[in-house]
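Asker: My questions all concern the structure below.
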Amino acid sequence: MAESEKKSVPVLEAENLSIVFGGLHAVDDVHFTLHENQIMGLIGPNGAGKTTVFNLLTGVYTPTTGQIKLDGRSILGKKTYQITKMGVARTFQNIRLFKDMSVLDNVRVAMNQKMNYSALAGILGLPSYWREEAAVEEKAMDLLRVFHLEGHAQDRAKNLPYGQQRKLEIARALAGDPKVLLLDEPAAGMNPTETAELMETIELIRSRFHVAILLIEHDMSFVMGICEHLVVLDYGRIIASGTPEEVRTNPKVITAYLGGE
């Protein structure tokens, strides 16, 4: 789908975001708009401020200046768990799973906030409790099928190969029905086959779950092959923004990555 076709509904807006740590501008005047069903990449050299932007978007940090809007509503001042409930989910550079829990339970636990039965129904094992538990398990299994993990549902998460642990973390992020999915280096540590499978999976996620995706990634072939729009940071500031082809040939981007003309 062409980039222009995705510009109908802004789902996440960052306006002039800046944050200062001890006099250092880690992020300085960063702005972008993520549209419904769009896949956007946030790229740049190590230390450019990419993960700091993710931490601002998810309430880990509060910006020194600027505004963040989800579906047109400000999310500034919200706690991380509140932003998650509002519809922003993320994964991390370092995989964060409940490694001694089963693959299935890793996904189920992310659905707990949507449980509607009472504590009494759970204690007494009433029909409403079992109905909801069954529905949650079926939804969790559906997510595992998307990532071809259903055969590992009862395995401990720590026993999965690295690439499958990455996929499980994304499945768990999707369990809360987010509007926006933030992926922090999803292809890190993957071999070429796993990376190609992940690209197909992300396209499937976008089409099936109608979620907007913002990702950080150092694998340029991955970024160029899947993103419709790229924002490039260097030393906390935007140095380029546009289609992958526009960014690929931008002299500032070439200089930032290669250190010269």
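Every chain in the structure tokens has a letter given in the order shown (A, B, ...), and although residue numbers restart at 1 in each chain, ligands are simply numbered from 1 in the order shown.
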Name all residues at most 9 Å from region 233-247 of chain A (count only C-alpha atoms; drop same-chain ones fewer than 2 positions away) and give them as a ChimeraX atom specification.
Answerer: /A:3,18,25-32,42-50,52-53,223-225,227-231,249-254,256
Asker: Would you save the residues of that selection, restricted to N, CA and C atoms, as an mmCIF file, in the first residue's frame?
Answerer:
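So result-v8.cif came out as:
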```cif
data_model
loop_
_atom_site.group_PDB
_atom_site.id
_atom_site.type_symbol
_atom_site.label_atom_id
_atom_site.label_comp_id
_atom_site.auth_asym_id
_atom_site.auth_seq_id
_atom_site.Cartn_x
_atom_site.Cartn_y
_atom_site.Cartn_z
ATOM 1 N N GLU A 3 2.420 4.938 0.594
ATOM 2 C CA GLU A 3 2.520 5.737 1.813
ATOM 3 C C GLU A 3 1.391 6.753 1.901
ATOM 4 N N SER A 18 11.666 17.178 23.328
ATOM 5 C CA SER A 18 13.037 17.366 23.795
ATOM 6 C C SER A 18 13.141 16.856 25.222
ATOM 7 N N HIS A 25 21.274 17.460 25.687
ATOM 8 C CA HIS A 25 20.025 17.281 24.951
ATOM 9 C C HIS A 25 20.033 15.880 24.318
ATOM 10 N N ALA A 26 19.483 14.904 25.030
ATOM 11 C CA ALA A 26 19.447 13.536 24.511
ATOM 12 C C ALA A 26 18.502 13.436 23.321
ATOM 13 N N VAL A 27 17.406 14.201 23.375
ATOM 14 C CA VAL A 27 16.462 14.329 22.264
ATOM 15 C C VAL A 27 16.147 15.798 22.124
ATOM 16 N N ASP A 28 16.208 16.310 20.907
ATOM 17 C CA ASP A 28 16.077 17.749 20.696
ATOM 18 C C ASP A 28 15.143 18.043 19.518
ATOM 19 N N ASP A 29 13.934 18.505 19.839
ATOM 20 C CA ASP A 29 12.972 18.960 18.824
ATOM 21 C C ASP A 29 12.614 17.855 17.823
ATOM 22 N N VAL A 30 12.290 16.682 18.342
ATOM 23 C CA VAL A 30 11.893 15.564 17.488
ATOM 24 C C VAL A 30 10.388 15.601 17.246
ATOM 25 N N HIS A 31 10.000 15.438 16.004
ATOM 26 C CA HIS A 31 8.580 15.501 15.658
ATOM 27 C C HIS A 31 8.294 14.540 14.510
ATOM 28 N N PHE A 32 7.177 13.842 14.610
ATOM 29 C CA PHE A 32 6.724 12.949 13.536
ATOM 30 C C PHE A 32 5.272 12.588 13.802
ATOM 31 N N LEU A 42 12.429 4.360 12.883
ATOM 32 C CA LEU A 42 13.222 5.385 13.558
ATOM 33 C C LEU A 42 14.648 4.858 13.588
ATOM 34 N N ILE A 43 15.533 5.475 12.811
ATOM 35 C CA ILE A 43 16.877 4.929 12.653
ATOM 36 C C ILE A 43 17.920 5.994 12.970
ATOM 37 N N GLY A 44 19.157 5.542 13.059
ATOM 38 C CA GLY A 44 20.270 6.439 13.343
ATOM 39 C C GLY A 44 21.408 5.675 13.974
ATOM 40 N N PRO A 45 22.605 6.264 14.040
ATOM 41 C CA PRO A 45 23.760 5.594 14.642
ATOM 42 C C PRO A 45 23.523 5.295 16.120
ATOM 43 N N ASN A 46 24.371 4.476 16.701
ATOM 44 C CA ASN A 46 24.297 4.212 18.141
ATOM 45 C C ASN A 46 24.388 5.526 18.914
ATOM 46 N N GLY A 47 23.556 5.662 19.937
ATOM 47 C CA GLY A 47 23.574 6.863 20.753
ATOM 48 C C GLY A 47 22.836 8.043 20.160
ATOM 49 N N ALA A 48 22.065 7.795 19.091
ATOM 50 C CA ALA A 48 21.367 8.901 18.420
ATOM 51 C C ALA A 48 20.129 9.368 19.182
ATOM 52 N N GLY A 49 19.649 8.557 20.139
ATOM 53 C CA GLY A 49 18.477 8.952 20.923
ATOM 54 C C GLY A 49 17.221 8.175 20.604
ATOM 55 N N LYS A 50 17.347 7.099 19.852
ATOM 56 C CA LYS A 50 16.164 6.355 19.399
ATOM 57 C C LYS A 50 15.386 5.722 20.558
ATOM 58 N N THR A 52 15.562 6.520 23.641
ATOM 59 C CA THR A 52 15.062 7.604 24.493
ATOM 60 C C THR A 52 13.712 8.103 23.992
ATOM 61 N N VAL A 53 13.560 8.189 22.672
ATOM 62 C CA VAL A 53 12.266 8.574 22.101
ATOM 63 C C VAL A 53 11.190 7.561 22.504
ATOM 64 N N VAL A 223 14.971 -2.587 7.405
ATOM 65 C CA VAL A 223 14.278 -1.295 7.463
ATOM 66 C C VAL A 223 13.812 -0.879 6.066
ATOM 67 N N MET A 224 14.699 -0.951 5.104
ATOM 68 C CA MET A 224 14.362 -0.513 3.753
ATOM 69 C C MET A 224 13.309 -1.401 3.104
ATOM 70 N N GLY A 225 13.255 -2.657 3.554
ATOM 71 C CA GLY A 225 12.328 -3.593 2.949
ATOM 72 C C GLY A 225 10.931 -3.565 3.535
ATOM 73 N N CYS A 227 9.650 -0.664 5.897
ATOM 74 C CA CYS A 227 9.109 0.633 6.329
ATOM 75 C C CYS A 227 8.678 1.484 5.133
ATOM 76 N N GLU A 228 7.598 2.222 5.318
ATOM 77 C CA GLU A 228 7.112 3.134 4.283
ATOM 78 C C GLU A 228 7.635 4.550 4.496
ATOM 79 N N HIS A 229 8.047 4.843 5.716
ATOM 80 C CA HIS A 229 8.566 6.175 6.040
ATOM 81 C C HIS A 229 9.664 5.993 7.085
ATOM 82 N N LEU A 230 10.704 6.794 6.983
ATOM 83 C CA LEU A 230 11.820 6.727 7.920
ATOM 84 C C LEU A 230 12.095 8.102 8.510
ATOM 85 N N VAL A 231 12.414 8.099 9.804
ATOM 86 C CA VAL A 231 12.893 9.295 10.489
ATOM 87 C C VAL A 231 14.296 8.972 10.989
ATOM 88 N N THR A 249 19.556 8.013 -0.022
ATOM 89 C CA THR A 249 20.445 8.851 -0.839
ATOM 90 C C THR A 249 20.717 10.217 -0.218
ATOM 91 N N ASN A 250 20.266 10.418 1.006
ATOM 92 C CA ASN A 250 20.449 11.709 1.662
ATOM 93 C C ASN A 250 21.906 11.856 2.142
ATOM 94 N N PRO A 251 22.610 12.897 1.715
ATOM 95 C CA PRO A 251 24.021 13.057 2.107
ATOM 96 C C PRO A 251 24.221 13.129 3.620
ATOM 97 N N LYS A 252 23.301 13.769 4.354
ATOM 98 C CA LYS A 252 23.438 13.857 5.813
ATOM 99 C C LYS A 252 23.372 12.476 6.462
ATOM 100 N N VAL A 253 22.518 11.616 5.931
ATOM 101 C CA VAL A 253 22.383 10.274 6.471
ATOM 102 C C VAL A 253 23.651 9.474 6.173
ATOM 103 N N ILE A 254 24.149 9.589 4.948
ATOM 104 C CA ILE A 254 25.386 8.876 4.570
ATOM 105 C C ILE A 254 26.541 9.312 5.473
ATOM 106 N N ALA A 256 26.312 10.598 8.546
ATOM 107 C CA ALA A 256 26.073 10.152 9.911
ATOM 108 C C ALA A 256 26.467 8.699 10.121
#
```
Asker: Report as a list in words: the residues of region 45-228 of chain A with a DSSP assignment of strand (DSSP E), based on the backbone of this structure.
Answerer: Thr65, Gly66, Gln67, Ile68, Lys69, Leu70, Arg73, Ser74, Val88, Ala89, Arg90, Val180, Leu181, Leu182, Leu183, Asp184, Ala212, Ile213, Leu214, Leu215 and Ile216 of chain A
Asker: Next, dump the selected residues to file, keeping only N, CA and C atoms, as a PDB file, in the first residue's frame.
Answerer:
```pdb
ATOM      1  N   THR A  65      10.341  19.434  27.028  1.00  0.00           N
ATOM      2  CA  THR A  65       9.383  20.222  26.251  1.00  0.00           C
ATOM      3  C   THR A  65       8.746  19.311  25.213  1.00  0.00           C
ATOM      4  N   GLY A  66       7.610  19.739  24.689  1.00  0.00           N
ATOM      5  CA  GLY A  66       6.968  18.998  23.619  1.00  0.00           C
ATOM      6  C   GLY A  66       5.662  18.350  24.040  1.00  0.00           C
ATOM      7  N   GLN A  67       5.035  17.684  23.090  1.00  0.00           N
ATOM      8  CA  GLN A  67       3.729  17.089  23.294  1.00  0.00           C
ATOM      9  C   GLN A  67       3.670  15.723  22.608  1.00  0.00           C
ATOM     10  N   ILE A  68       2.923  14.791  23.210  1.00  0.00           N
ATOM     11  CA  ILE A  68       2.679  13.478  22.621  1.00  0.00           C
ATOM     12  C   ILE A  68       1.181  13.232  22.638  1.00  0.00           C
ATOM     13  N   LYS A  69       0.623  12.881  21.474  1.00  0.00           N
ATOM     14  CA  LYS A  69      -0.816  12.649  21.389  1.00  0.00           C
ATOM     15  C   LYS A  69      -1.100  11.264  20.813  1.00  0.00           C
ATOM     16  N   LEU A  70      -2.066  10.602  21.413  1.00  0.00           N
ATOM     17  CA  LEU A  70      -2.567   9.327  20.927  1.00  0.00           C
ATOM     18  C   LEU A  70      -4.023   9.522  20.533  1.00  0.00           C
ATOM     19  N   ARG A  73      -5.375  12.835  21.621  1.00  0.00           N
ATOM     20  CA  ARG A  73      -5.419  13.153  23.060  1.00  0.00           C
ATOM     21  C   ARG A  73      -4.017  13.118  23.641  1.00  0.00           C
ATOM     22  N   SER A  74      -3.698  14.110  24.441  1.00  0.00           N
ATOM     23  CA  SER A  74      -2.379  14.153  25.070  1.00  0.00           C
ATOM     24  C   SER A  74      -2.211  12.989  26.040  1.00  0.00           C
ATOM     25  N   VAL A  88      -0.781   1.736  23.634  1.00  0.00           N
ATOM     26  CA  VAL A  88       0.599   1.754  23.142  1.00  0.00           C
ATOM     27  C   VAL A  88       1.357   0.584  23.777  1.00  0.00           C
ATOM     28  N   ALA A  89       1.813  -0.344  22.952  1.00  0.00           N
ATOM     29  CA  ALA A  89       2.574  -1.495  23.442  1.00  0.00           C
ATOM     30  C   ALA A  89       3.979  -1.436  22.865  1.00  0.00           C
ATOM     31  N   ARG A  90       4.933  -2.062  23.573  1.00  0.00           N
ATOM     32  CA  ARG A  90       6.313  -2.033  23.091  1.00  0.00           C
ATOM     33  C   ARG A  90       7.038  -3.328  23.401  1.00  0.00           C
ATOM     34  N   VAL A 180      -0.973   1.147  18.716  1.00  0.00           N
ATOM     35  CA  VAL A 180       0.389   1.423  18.270  1.00  0.00           C
ATOM     36  C   VAL A 180       1.316   0.371  18.863  1.00  0.00           C
ATOM     37  N   LEU A 181       2.185  -0.193  18.032  1.00  0.00           N
ATOM     38  CA  LEU A 181       3.165  -1.173  18.470  1.00  0.00           C
ATOM     39  C   LEU A 181       4.558  -0.606  18.236  1.00  0.00           C
ATOM     40  N   LEU A 182       5.333  -0.473  19.305  1.00  0.00           N
ATOM     41  CA  LEU A 182       6.698   0.033  19.236  1.00  0.00           C
ATOM     42  C   LEU A 182       7.654  -1.146  19.342  1.00  0.00           C
ATOM     43  N   LEU A 183       8.446  -1.374  18.308  1.00  0.00           N
ATOM     44  CA  LEU A 183       9.370  -2.501  18.270  1.00  0.00           C
ATOM     45  C   LEU A 183      10.804  -1.987  18.345  1.00  0.00           C
ATOM     46  N   ASP A 184      11.495  -2.327  19.410  1.00  0.00           N
ATOM     47  CA  ASP A 184      12.869  -1.864  19.623  1.00  0.00           C
ATOM     48  C   ASP A 184      13.836  -2.955  19.169  1.00  0.00           C
ATOM     49  N   ALA A 212      -0.723   0.383  13.979  1.00  0.00           N
ATOM     50  CA  ALA A 212       0.380   1.201  13.457  1.00  0.00           C
ATOM     51  C   ALA A 212       1.671   0.747  14.134  1.00  0.00           C
ATOM     52  N   ILE A 213       2.746   0.686  13.380  1.00  0.00           N
ATOM     53  CA  ILE A 213       4.004   0.143  13.896  1.00  0.00           C
ATOM     54  C   ILE A 213       5.126   1.159  13.728  1.00  0.00           C
ATOM     55  N   LEU A 214       5.816   1.436  14.830  1.00  0.00           N
ATOM     56  CA  LEU A 214       7.019   2.269  14.820  1.00  0.00           C
ATOM     57  C   LEU A 214       8.154   1.404  15.319  1.00  0.00           C
ATOM     58  N   LEU A 215       9.216   1.285  14.525  1.00  0.00           N
ATOM     59  CA  LEU A 215      10.292   0.392  14.924  1.00  0.00           C
ATOM     60  C   LEU A 215      11.655   1.057  14.850  1.00  0.00           C
ATOM     61  N   ILE A 216      12.523   0.614  15.749  1.00  0.00           N
ATOM     62  CA  ILE A 216      13.943   0.953  15.739  1.00  0.00           C
ATOM     63  C   ILE A 216      14.677  -0.274  15.219  1.00  0.00           C
TER      64      ILE A 216
END
```
Asker: Could you list, as a PyMOL selection string, every residue within 10 Å of region 167-178 of chain A, counting only C-alpha atoms and ignoring same-chain residues fewer than 6 positions away?
Answerer: chain A and resi 84-92+95-98+103-114+136+139-140+142-149+157+160+186-187+194+198+201-202+205+209-212
Asker: State, in Å with one decimal place, the distance from CA of Val232 (chain A) to CA of Glu15 (chain A).
Answerer: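 CA of Val232 (chain A) sits 15.7 Å away from CA of Glu15 (chain A).
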Asker: Report, in Å with one decimal, the straight-line distance from CA of Asn191 (chain A) to CA of Leu204 (chain A).
Answerer: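 According to the coordinates, CA of Asn191 (chain A) and CA of Leu204 (chain A) are separated by 19.9 Å.
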Asker: So which bits of region 89-248 of chain A end up alpha helix (DSSP H) when you DSSP the backbone, as a PyMOL selection string?
Answerer: chain A and resi 103-108+119-124+127-146+162-174+192-209+220-226+244-248
Asker: Of the candidates A:Thr64, A:Thr80, A:Asn94, A:Thr51, which one gets nearest to Gly23 (chain A) if we count only C-alpha atoms?
Answerer: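 Looking at the shortest contact to Gly23 (chain A), the residue is A:Thr64.
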Asker: Under the rule that only C-alpha atoms are counted, which of A:Leu24, A:Ile39, A:His152, A:Tyr162 is the nearest residue to Met199 (chain A)?
Answerer: A:Ile39
Asker: What does the distance between CA of Glu200 (chain A) and CA of Leu12 (chain A) come to in Å, to one decimal place?
Answerer: 23.6 Å
